[in-house]
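Have a look at work_26.pdb below; it lists PDB, C-alpha atoms, pLDDT in the B column.
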ATOM      1  CA  MET F 199       0.000   0.000   0.000  1.00 56.00           C
ATOM      2  CA  ARG F 200       2.858   2.387   0.849  1.00 57.00           C
ATOM      3  CA  ARG F 201       4.429   1.687  -2.534  1.00 53.00           C
ATOM      4  CA  ARG F 202       1.124   2.411  -4.285  1.00 56.00           C
ATOM      5  CA  GLU F 203       0.691   5.679  -2.382  1.00 58.00           C
ATOM      6  CA  ALA F 204       4.256   6.637  -3.260  1.00 54.00           C
ATOM      7  CA  LEU F 205       3.546   6.006  -6.933  1.00 52.00           C
ATOM      8  CA  ILE F 206       0.412   8.125  -6.782  1.00 56.00           C
ATOM      9  CA  ASP F 207       2.417  10.882  -5.091  1.00 56.00           C
ATOM     10  CA  GLU F 208       4.972  10.752  -7.902  1.00 51.00           C
ATOM     11  CA  LEU F 209       2.150  10.809 -10.411  1.00 51.00           C
ATOM     12  CA  SER F 210       0.617  13.937  -8.911  1.00 55.00           C
ATOM     13  CA  GLN F 211       3.959  15.716  -8.978  1.00 51.00           C
ATOM     14  CA  ALA F 212       4.454  14.897 -12.646  1.00 47.00           C
ATOM     15  CA  ALA F 213       1.091  16.283 -13.775  1.00 47.00           C
ATOM     16  CA  ARG F 214       0.378  16.468 -17.483  1.00 45.00           C
ATOM     17  CA  SER F 215       1.010  19.751 -19.320  1.00 48.00           C
ATOM     18  CA  PHE F 216       0.221  20.917 -22.841  1.00 47.00           C
ATOM     19  CA  GLU F 217       2.049  23.577 -24.814  1.00 43.00           C
ATOM     20  CA  ASP F 218       1.698  24.837 -28.381  1.00 46.00           C
ATOM     21  CA  GLY F 219       4.182  24.931 -31.252  1.00 44.00           C
ATOM     22  CA  LEU F 220       7.883  25.328 -30.615  1.00 40.00           C
ATOM     23  CA  ALA F 221       7.158  26.469 -27.075  1.00 43.00           C
ATOM     24  CA  ARG F 222       6.033  22.923 -26.270  1.00 47.00           C
ATOM     25  CA  GLN F 223       9.489  21.566 -26.964  1.00 45.00           C
ATOM     26  CA  LYS F 224      11.287  24.204 -24.920  1.00 42.00           C
ATOM     27  CA  LEU F 225       9.418  24.037 -21.638  1.00 45.00           C
ATOM     28  CA  GLU F 226      10.406  21.877 -18.722  1.00 47.00           C
ATOM     29  CA  HIS F 227       6.853  20.513 -18.485  1.00 48.00           C
ATOM     30  CA  ILE F 228       7.777  17.834 -21.028  1.00 49.00           C
ATOM     31  CA  GLU F 229      10.010  16.073 -18.543  1.00 53.00           C
ATOM     32  CA  GLY F 230       7.207  16.175 -15.996  1.00 54.00           C
ATOM     33  CA  ALA F 231       4.821  14.627 -18.506  1.00 58.00           C
ATOM     34  CA  ASN F 232       7.268  11.780 -19.127  1.00 57.00           C
ATOM     35  CA  GLU F 233       7.573  11.125 -15.395  1.00 61.00           C
ATOM     36  CA  PHE F 234       3.791  11.182 -15.143  1.00 65.00           C
ATOM     37  CA  ILE F 235       3.451   8.493 -17.799  1.00 64.00           C
ATOM     38  CA  THR F 236       6.216   6.379 -16.270  1.00 63.00           C
ATOM     39  CA  THR F 237       4.320   6.327 -13.004  1.00 62.00           C
ATOM     40  CA  LEU F 238       1.077   5.475 -14.764  1.00 64.00           C
ATOM     41  CA  ASP F 239       2.930   2.549 -16.341  1.00 64.00           C
ATOM     42  CA  SER F 240       3.877   1.284 -12.899  1.00 59.00           C
ATOM     43  CA  LEU F 241       0.339   1.604 -11.579  1.00 58.00           C
ATOM     44  CA  ALA F 242      -0.969  -0.314 -14.573  1.00 57.00           C
ATOM     45  CA  LYS F 243       1.222  -3.415 -14.282  1.00 48.00           C
ATOM     46  CA  ALA F 244      -1.343  -5.243 -12.164  1.00 40.00           C
ATOM     47  CA  ASP F 245      -4.164  -4.266 -14.485  1.00 48.00           C
ATOM     48  CA  LEU F 246      -2.922  -4.773 -18.037  1.00 49.00           C
ATOM     49  CA  GLU F 247      -5.642  -5.564 -20.545  1.00 49.00           C
ATOM     50  CA  ALA F 248      -5.464  -7.356 -23.862  1.00 42.00           C
ATOM     51  CA  ARG F 249      -5.933  -4.968 -26.759  1.00 48.00           C
ATOM     52  CA  SER F 250      -9.482  -5.160 -28.004  1.00 61.00           C
ATOM     53  CA  GLN F 251     -12.188  -2.942 -29.386  1.00 71.00           C
ATOM     54  CA  ARG F 252     -13.322  -0.647 -26.618  1.00 89.00           C
ATOM     55  CA  ARG F 253     -16.717   1.012 -26.500  1.00 94.00           C
ATOM     56  CA  TYR F 254     -16.869   4.494 -24.999  1.00 97.00           C
ATOM     57  CA  VAL F 255     -20.310   5.877 -24.226  1.00 97.00           C
ATOM     58  CA  VAL F 256     -20.840   9.568 -23.560  1.00 97.00           C
ATOM     59  CA  SER F 257     -23.885  11.805 -23.487  1.00 97.00           C
ATOM     60  CA  SER F 258     -24.220  14.818 -25.751  1.00 97.00           C
ATOM     61  CA  LEU F 259     -25.101  16.910 -22.703  1.00 97.00           C
ATOM     62  CA  PHE F 260     -21.846  15.921 -20.976  1.00 97.00           C
ATOM     63  CA  LEU F 261     -19.858  16.862 -24.075  1.00 97.00           C
ATOM     64  CA  HIS F 262     -21.531  20.276 -24.200  1.00 97.00           C
ATOM     65  CA  GLU F 263     -20.816  20.822 -20.495  1.00 96.00           C
ATOM     66  CA  SER F 264     -17.202  19.734 -20.959  1.00 95.00           C
ATOM     67  CA  PHE F 265     -16.818  22.113 -23.910  1.00 96.00           C
ATOM     68  CA  LYS F 266     -18.006  25.045 -21.797  1.00 94.00           C
ATOM     69  CA  LYS F 267     -15.470  24.237 -19.087  1.00 92.00           C
ATOM     70  CA  LEU F 268     -12.632  23.737 -21.565  1.00 92.00           C
ATOM     71  CA  THR F 269     -13.288  27.026 -23.383  1.00 92.00           C
ATOM     72  CA  LEU F 270     -14.429  29.194 -20.498  1.00 87.00           C
ATOM     73  CA  ASP F 271     -11.587  31.616 -21.172  1.00 80.00           C
ATOM     74  CA  GLU F 272      -8.687  32.003 -23.601  1.00 78.00           C
ATOM     75  CA  ALA F 273      -6.341  29.735 -21.653  1.00 65.00           C
ATOM     76  CA  GLU F 274      -5.991  26.037 -22.388  1.00 72.00           C
ATOM     77  CA  GLN F 275      -7.747  23.678 -20.018  1.00 77.00           C
ATOM     78  CA  PHE F 276      -7.171  20.026 -19.169  1.00 82.00           C
ATOM     79  CA  PHE F 277      -8.909  17.485 -16.947  1.00 87.00           C
ATOM     80  CA  PHE F 278      -9.382  13.788 -16.438  1.00 89.00           C
ATOM     81  CA  ILE F 279     -12.562  11.835 -17.036  1.00 93.00           C
ATOM     82  CA  THR F 280     -13.784   8.820 -15.100  1.00 92.00           C
ATOM     83  CA  GLY F 281     -17.126   7.081 -14.876  1.00 94.00           C
ATOM     84  CA  THR F 282     -19.052   3.836 -14.783  1.00 92.00           C
ATOM     85  CA  GLU F 283     -17.884   0.622 -16.425  1.00 92.00           C
ATOM     86  CA  LEU F 284     -20.919  -1.439 -17.342  1.00 89.00           C
ATOM     87  CA  ASP F 285     -21.268  -4.521 -19.556  1.00 87.00           C
ATOM     88  CA  GLY F 286     -18.030  -3.762 -21.360  1.00 87.00           C
ATOM     89  CA  ALA F 287     -18.881  -0.106 -21.965  1.00 93.00           C
ATOM     90  CA  LEU F 288     -16.723   2.676 -20.574  1.00 96.00           C
ATOM     91  CA  VAL F 289     -19.130   5.462 -19.686  1.00 96.00           C
ATOM     92  CA  LEU F 290     -17.525   8.910 -19.738  1.00 97.00           C
ATOM     93  CA  ASP F 291     -19.710  10.827 -17.328  1.00 92.00           C
ATOM     94  CA  GLN F 292     -17.632  12.404 -14.571  1.00 91.00           C
ATOM     95  CA  CYS F 293     -15.114  15.231 -14.792  1.00 88.00           C
ATOM     96  CA  ALA F 294     -12.161  14.752 -12.477  1.00 79.00           C
ATOM     97  CA  GLU F 295     -10.911  18.327 -12.241  1.00 65.00           C
ATOM     98  CA  PHE F 296      -7.982  19.725 -10.297  1.00 58.00           C
ATOM     99  CA  ALA F 297      -6.370  23.082  -9.601  1.00 48.00           C
ATOM    100  CA  HIS F 298      -3.619  24.383 -11.868  1.00 59.00           C
ATOM    101  CA  GLN F 299      -0.392  26.185 -11.159  1.00 55.00           C
ATOM    102  CA  LYS F 300      -0.484  27.936 -14.499  1.00 61.00           C
ATOM    103  CA  ARG F 301      -2.932  28.286 -17.358  1.00 60.00           C
ATOM    104  CA  THR F 302      -2.213  30.341 -20.486  1.00 56.00           C
ATOM    105  CA  ALA F 303      -3.176  30.302 -24.148  1.00 60.00           C
ATOM    106  CA  MET F 304       0.011  28.297 -24.661  1.00 57.00           C
ATOM    107  CA  GLY F 305      -0.476  25.592 -22.070  1.00 60.00           C
ATOM    108  CA  VAL F 306      -1.593  24.381 -18.664  1.00 59.00           C
ATOM    109  CA  THR F 307       0.278  22.986 -15.657  1.00 58.00           C
ATOM    110  CA  ALA F 308      -1.441  21.105 -12.830  1.00 52.00           C
ATOM    111  CA  GLU F 309      -1.001  21.810  -9.126  1.00 59.00           C
ATOM    112  CA  PRO F 310       0.698  18.675  -7.672  1.00 64.00           C
ATOM    113  CA  ARG F 311      -1.207  18.592  -4.362  1.00 71.00           C
ATOM    114  CA  ALA F 312      -4.518  18.843  -6.169  1.00 68.00           C
ATOM    115  CA  THR F 313      -3.727  15.981  -8.540  1.00 66.00           C
ATOM    116  CA  HIS F 314      -2.441  13.927  -5.604  1.00 72.00           C
ATOM    117  CA  SER F 315      -5.751  14.299  -3.761  1.00 76.00           C
ATOM    118  CA  LEU F 316      -7.727  13.520  -6.903  1.00 71.00           C
ATOM    119  CA  LEU F 317      -5.794  10.361  -7.743  1.00 72.00           C
ATOM    120  CA  ILE F 318      -6.040   9.112  -4.158  1.00 79.00           C
ATOM    121  CA  ARG F 319      -9.800   9.671  -4.259  1.00 81.00           C
ATOM    122  CA  LEU F 320     -10.200   7.779  -7.556  1.00 79.00           C
ATOM    123  CA  GLU F 321      -8.123   4.941  -6.120  1.00 79.00           C
ATOM    124  CA  GLN F 322     -10.233   4.787  -2.979  1.00 85.00           C
ATOM    125  CA  PHE F 323     -13.440   4.491  -4.987  1.00 86.00           C
ATOM    126  CA  GLY F 324     -12.037   1.950  -7.445  1.00 88.00           C
ATOM    127  CA  HIS F 325     -12.322   4.261 -10.440  1.00 89.00           C
ATOM    128  CA  ARG F 326      -9.992   4.344 -13.426  1.00 88.00           C
ATOM    129  CA  LEU F 327      -8.829   7.083 -15.740  1.00 87.00           C
ATOM    130  CA  LEU F 328     -11.151   6.536 -18.723  1.00 93.00           C
ATOM    131  CA  ALA F 329     -10.304   9.646 -20.736  1.00 93.00           C
ATOM    132  CA  HIS F 330      -8.428  12.914 -20.746  1.00 92.00           C
ATOM    133  CA  PHE F 331     -10.000  15.986 -22.320  1.00 94.00           C
ATOM    134  CA  HIS F 332      -8.138  19.133 -23.291  1.00 91.00           C
ATOM    135  CA  SER F 333      -8.661  22.200 -25.437  1.00 91.00           C
ATOM    136  CA  HIS F 334      -6.593  23.510 -28.324  1.00 91.00           C
ATOM    137  CA  PRO F 335      -6.532  27.047 -29.642  1.00 88.00           C
ATOM    138  CA  GLY F 336      -8.007  27.557 -33.084  1.00 90.00           C
ATOM    139  CA  ARG F 337     -11.171  26.599 -34.874  1.00 94.00           C
ATOM    140  CA  GLY F 338     -12.300  23.827 -37.160  1.00 96.00           C
ATOM    141  CA  ALA F 339     -11.598  20.107 -37.231  1.00 96.00           C
ATOM    142  CA  ASP F 340      -7.912  20.649 -38.006  1.00 96.00           C
ATOM    143  CA  ALA F 341      -7.493  22.473 -34.690  1.00 94.00           C
ATOM    144  CA  THR F 342      -8.161  19.168 -32.905  1.00 96.00           C
ATOM    145  CA  LYS F 343      -5.185  17.361 -34.429  1.00 95.00           C
ATOM    146  CA  PRO F 344      -2.896  16.029 -31.691  1.00 93.00           C
ATOM    147  CA  SER F 345       0.575  17.448 -31.286  1.00 87.00           C
ATOM    148  CA  GLY F 346       3.614  15.209 -31.086  1.00 86.00           C
ATOM    149  CA  ILE F 347       3.518  15.537 -27.301  1.00 80.00           C
ATOM    150  CA  ASP F 348      -0.162  14.576 -27.254  1.00 85.00           C
ATOM    151  CA  GLU F 349       0.562  11.475 -29.315  1.00 91.00           C
ATOM    152  CA  ARG F 350       3.503  10.415 -27.176  1.00 86.00           C
ATOM    153  CA  PHE F 351       1.407  10.830 -24.046  1.00 80.00           C
ATOM    154  CA  GLN F 352      -1.361   8.666 -25.491  1.00 88.00           C
ATOM    155  CA  GLN F 353       1.086   6.088 -26.838  1.00 92.00           C
ATOM    156  CA  ARG F 354       2.632   5.555 -23.442  1.00 82.00           C
ATOM    157  CA  LEU F 355      -0.821   5.067 -21.920  1.00 78.00           C
ATOM    158  CA  GLU F 356      -1.774   2.511 -24.534  1.00 87.00           C
ATOM    159  CA  SER F 357       1.538   0.673 -24.375  1.00 88.00           C
ATOM    160  CA  ALA F 358       0.982   0.175 -20.660  1.00 78.00           C
ATOM    161  CA  GLY F 359      -2.528  -1.192 -21.227  1.00 80.00           C
ATOM    162  CA  HIS F 360      -4.513   1.830 -20.077  1.00 81.00           C
ATOM    163  CA  VAL F 361      -8.022   2.186 -21.478  1.00 90.00           C
ATOM    164  CA  ALA F 362      -8.019   5.990 -21.579  1.00 91.00           C
ATOM    165  CA  VAL F 363      -9.112   7.738 -24.750  1.00 96.00           C
ATOM    166  CA  MET F 364      -7.933  11.245 -25.627  1.00 95.00           C
ATOM    167  CA  ALA F 365     -10.406  13.921 -26.695  1.00 97.00           C
ATOM    168  CA  ILE F 366      -9.281  17.282 -28.074  1.00 96.00           C
ATOM    169  CA  PHE F 367     -11.762  20.169 -28.325  1.00 97.00           C
ATOM    170  CA  SER F 368     -11.483  23.149 -30.671  1.00 95.00           C
ATOM    171  CA  ARG F 369     -12.778  26.600 -29.803  1.00 94.00           C
ATOM    172  CA  ASP F 370     -15.795  26.221 -32.084  1.00 95.00           C
ATOM    173  CA  GLY F 371     -17.060  22.840 -30.911  1.00 96.00           C
ATOM    174  CA  PHE F 372     -15.165  20.194 -32.865  1.00 98.00           C
ATOM    175  CA  ILE F 373     -14.067  17.135 -30.877  1.00 98.00           C
ATOM    176  CA  ARG F 374     -11.575  14.492 -31.943  1.00 98.00           C
ATOM    177  CA  PHE F 375     -11.469  11.177 -30.033  1.00 98.00           C
ATOM    178  CA  ILE F 376      -8.145   9.364 -30.348  1.00 97.00           C
ATOM    179  CA  ARG F 377      -6.798   5.907 -29.602  1.00 95.00           C
ATOM    180  CA  LEU F 378      -3.602   5.378 -31.557  1.00 94.00           C
ATOM    181  CA  ASP F 379      -4.273   1.640 -31.729  1.00 90.00           C
ATOM    182  CA  GLN F 380      -7.639   2.439 -33.386  1.00 89.00           C
ATOM    183  CA  HIS F 381      -9.382   0.115 -30.925  1.00 87.00           C
ATOM    184  CA  LEU F 382     -12.299   2.346 -30.092  1.00 91.00           C
ATOM    185  CA  GLU F 383     -15.963   2.787 -30.746  1.00 94.00           C
ATOM    186  CA  ILE F 384     -17.623   6.038 -29.723  1.00 96.00           C
ATOM    187  CA  GLU F 385     -21.311   6.001 -28.875  1.00 96.00           C
ATOM    188  CA  ILE F 386     -22.950   9.346 -28.203  1.00 96.00           C
ATOM    189  CA  HIS F 387     -26.310   9.413 -26.496  1.00 96.00           C
ATOM    190  CA  GLY F 388     -28.681  12.296 -27.143  1.00 96.00           C
ATOM    191  CA  GLN F 389     -28.984  15.255 -29.486  1.00 95.00           C
ATOM    192  CA  GLY F 390     -26.746  18.244 -30.131  1.00 96.00           C
ATOM    193  CA  VAL F 391     -23.768  16.403 -31.608  1.00 97.00           C
ATOM    194  CA  GLU F 392     -23.208  15.440 -35.228  1.00 96.00           C
ATOM    195  CA  LYS F 393     -20.562  13.219 -36.767  1.00 95.00           C
ATOM    196  CA  HIS F 394     -18.138  15.120 -38.968  1.00 96.00           C
ATOM    197  CA  ALA F 395     -15.658  12.360 -39.905  1.00 95.00           C
ATOM    198  CA  PRO F 396     -14.379   9.105 -38.367  1.00 94.00           C
ATOM    199  CA  GLY F 397     -13.572   9.911 -34.748  1.00 95.00           C
ATOM    200  CA  ILE F 398     -14.475  13.589 -35.196  1.00 97.00           C
ATOM    201  CA  TYR F 399     -17.709  15.190 -34.012  1.00 98.00           C
ATOM    202  CA  ARG F 400     -19.135  18.697 -33.919  1.00 97.00           C
ATOM    203  CA  LEU F 401     -21.271  20.200 -31.195  1.00 97.00           C
ATOM    204  CA  THR F 402     -24.309  22.012 -32.570  1.00 95.00           C
ATOM    205  CA  ASP F 403     -26.071  25.033 -31.118  1.00 86.00           C
ATOM    206  CA  ILE F 404     -23.146  26.198 -28.990  1.00 84.00           C
ATOM    207  CA  SER F 405     -23.741  29.928 -29.437  1.00 72.00           C
TER
END
Show me the file's structure as structure tokens.
Amino acid sequence: MRRREALIDELSQAARSFEDGLARQKLEHIEGANEFITTLDSLAKADLEARSQRRYVVSSLFLHESFKKLTLDEAEQFFFITGTELDGALVLDQCAEFAHQKRTAMGVTAEPRATHSLLIRLEQFGHRLLAHFHSHPGRGADATKPSGIDERFQQRLESAGHVAVMAIFSRDGFIRFIRLDQHLEIEIHGQGVEKHAPGIYRLTDIS
């Protein structure tokens, strides 16, 4: 148990950060992101899953609410998603938010104590990280393309057997769901979301 708590503590201190363009490559957050993934790898060893098609279920209302939180101001935003796991479906229905040390239009850095408390709470309730949502600057479907850092983050998760799917939101309501192994099926319940392309959706009536 002490070892597990120590790993969670390391994880909280290496909270995920996102930066744009060349600035992404120059900031020290990258090293923290790598440490974060390394710790996730350790936590996942006892819970590796065979790669298979995974079904993610999310309501259109939850996506609209998430969009509002992610684009509340001009700064980038980032949070985890957890939820119910029922009959093989991973239901994305709970935001797992935490405080940030820094949020700008160029990136976001989590506050270590806040992520520590959050991860401990998820662990206590037997919940897993099912998704991570973040915003990108820009508009249109192309604005939701993952950066190299985004892809490396997701690749490390998948290589360790994590089920988490990445979702990137543009400023005008486009959402791209990404599993690099392509083992995903997205099921959206309700109205207010239309499919734009494979893995890409657009929120309607967001004005």
- Hits from the PyMOL selection byres ((chain F and resi 268) around 9), listed as a list in words: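 Evaluating the PyMOL selection byres ((chain F and resi 268) around 9) on this file yields Glu263, Ser264, Phe265, Lys266, Lys267, Thr269, Leu270, Asp271, Ala273, Glu274, Gln275, Phe276, Phe277, Phe331, His332, Ser333, Phe367 and Arg369 of chain F.
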| request: Report as a list in words the full result of the PyMOL selection byres ((chain F and resi 338) around 9) when it is applied to this structure. | output: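 This file gives the following for the PyMOL selection byres ((chain F and resi 338) around 9): Gly336, Arg337, Ala339, Asp340, Ala341, Thr342, Ser368, Arg369, Asp370, Gly371 and Phe372 of chain F.
Closest to F:Phe351 among F:Leu378, F:Thr280, F:Glu392, F:His387 is F:Leu378, based on only C-alpha atoms.
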Closest of F:Val391, F:Ile386, F:Leu327, F:Ile404 to F:Arg253, counting all atoms listed in the file, is F:Ile386
Query raised in the report: How far is it from atom CA of F:Gly397 to atom CA of F:Ile376, in Å with one decimal?
Result: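 One can read the atom CA of F:Gly397 to atom CA of F:Ile376 distance as 7.0 Å.
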For a cut-off of 9 Å around (-7.5, 10.4, -18.6), file coordinates, pick out all residues using all atoms listed in the file and list them as JSON, numbers by chain. {"F": [277, 278, 279, 280, 294, 326, 327, 328, 329, 330, 331, 361, 362, 363, 364]}
Store the residues of this selection in a file with C-alpha atoms, as a PDB file, keeping the file's coordinate frame.
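Ended up saving to result_1.pdb:
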ATOM      1  CA  PHE F 277      -8.909  17.485 -16.947  1.00 87.00           C
ATOM      2  CA  PHE F 278      -9.382  13.788 -16.438  1.00 89.00           C
ATOM      3  CA  ILE F 279     -12.562  11.835 -17.036  1.00 93.00           C
ATOM      4  CA  THR F 280     -13.784   8.820 -15.100  1.00 92.00           C
ATOM      5  CA  ALA F 294     -12.161  14.752 -12.477  1.00 79.00           C
ATOM      6  CA  ARG F 326      -9.992   4.344 -13.426  1.00 88.00           C
ATOM      7  CA  LEU F 327      -8.829   7.083 -15.740  1.00 87.00           C
ATOM      8  CA  LEU F 328     -11.151   6.536 -18.723  1.00 93.00           C
ATOM      9  CA  ALA F 329     -10.304   9.646 -20.736  1.00 93.00           C
ATOM     10  CA  HIS F 330      -8.428  12.914 -20.746  1.00 92.00           C
ATOM     11  CA  PHE F 331     -10.000  15.986 -22.320  1.00 94.00           C
ATOM     12  CA  VAL F 361      -8.022   2.186 -21.478  1.00 90.00           C
ATOM     13  CA  ALA F 362      -8.019   5.990 -21.579  1.00 91.00           C
ATOM     14  CA  VAL F 363      -9.112   7.738 -24.750  1.00 96.00           C
ATOM     15  CA  MET F 364      -7.933  11.245 -25.627  1.00 95.00           C
TER      16      MET F 364
END
Here atom CA of F:Leu290 and atom CA of F:Leu261 stand apart by 9.4 Å
(message) Would you compute the distance between atom CA of F:His325 and atom CA of F:Gly281? Give it in Å to one decimal.
(response)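 Straight-line distance from atom CA of F:His325 to atom CA of F:Gly281 works out to 7.1 Å.
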Judged by only C-alpha atoms, the minimum distance to F:Val256 among F:Glu385, F:Asp348, F:Asp379, F:Glu356 is found for F:Glu385
Exercise for the section: Name the residues that the PyMOL selection byres ((chain F and resi 382) around 8) pulls out of this structure, and write them as a ChimeraX atom specification. Expected result: /F:251-254,377,380-381,383-384
Open item on the list: Counting all atoms listed in the file, find residues at most 9 Å from (-27.1, 18.6, -25.4) (file frame) and give them as an MDAnalysis selection string.
Closed with: chainID F and resid 257:263 388:391 401:403
What would the file look like if the residues just selected were written as a CSV table (one decimal), in the coordinates of the input with C-alpha atoms?
chain,number,residue,atom,x,y,z
F,257,SER,CA,-23.9,11.8,-23.5
F,258,SER,CA,-24.2,14.8,-25.8
F,259,LEU,CA,-25.1,16.9,-22.7
F,260,PHE,CA,-21.8,15.9,-21.0
F,261,LEU,CA,-19.9,16.9,-24.1
F,262,HIS,CA,-21.5,20.3,-24.2
F,263,GLU,CA,-20.8,20.8,-20.5
F,388,GLY,CA,-28.7,12.3,-27.1
F,389,GLN,CA,-29.0,15.3,-29.5
F,390,GLY,CA,-26.7,18.2,-30.1
F,391,VAL,CA,-23.8,16.4,-31.6
F,401,LEU,CA,-21.3,20.2,-31.2
F,402,THR,CA,-24.3,22.0,-32.6
F,403,ASP,CA,-26.1,25.0,-31.1
### Query
For F:Ile366, which of F:Asp291, F:Asp285, F:Glu321, F:Glu349 is the closest residue, counting all atoms listed in the file?
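For F:Ile366, the nearest of the candidates is F:Glu349.
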Next on the checklist: Using only C-alpha atoms for the distances, tell me which of F:Ala365, F:Ile318, F:Ile398, F:Leu288 is nearest to F:Pro344.
Outcome noted: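 Checking each of F:Ala365, F:Ile318, F:Ile398, F:Leu288 against F:Pro344, counting only C-alpha atoms, the winner is F:Ala365.
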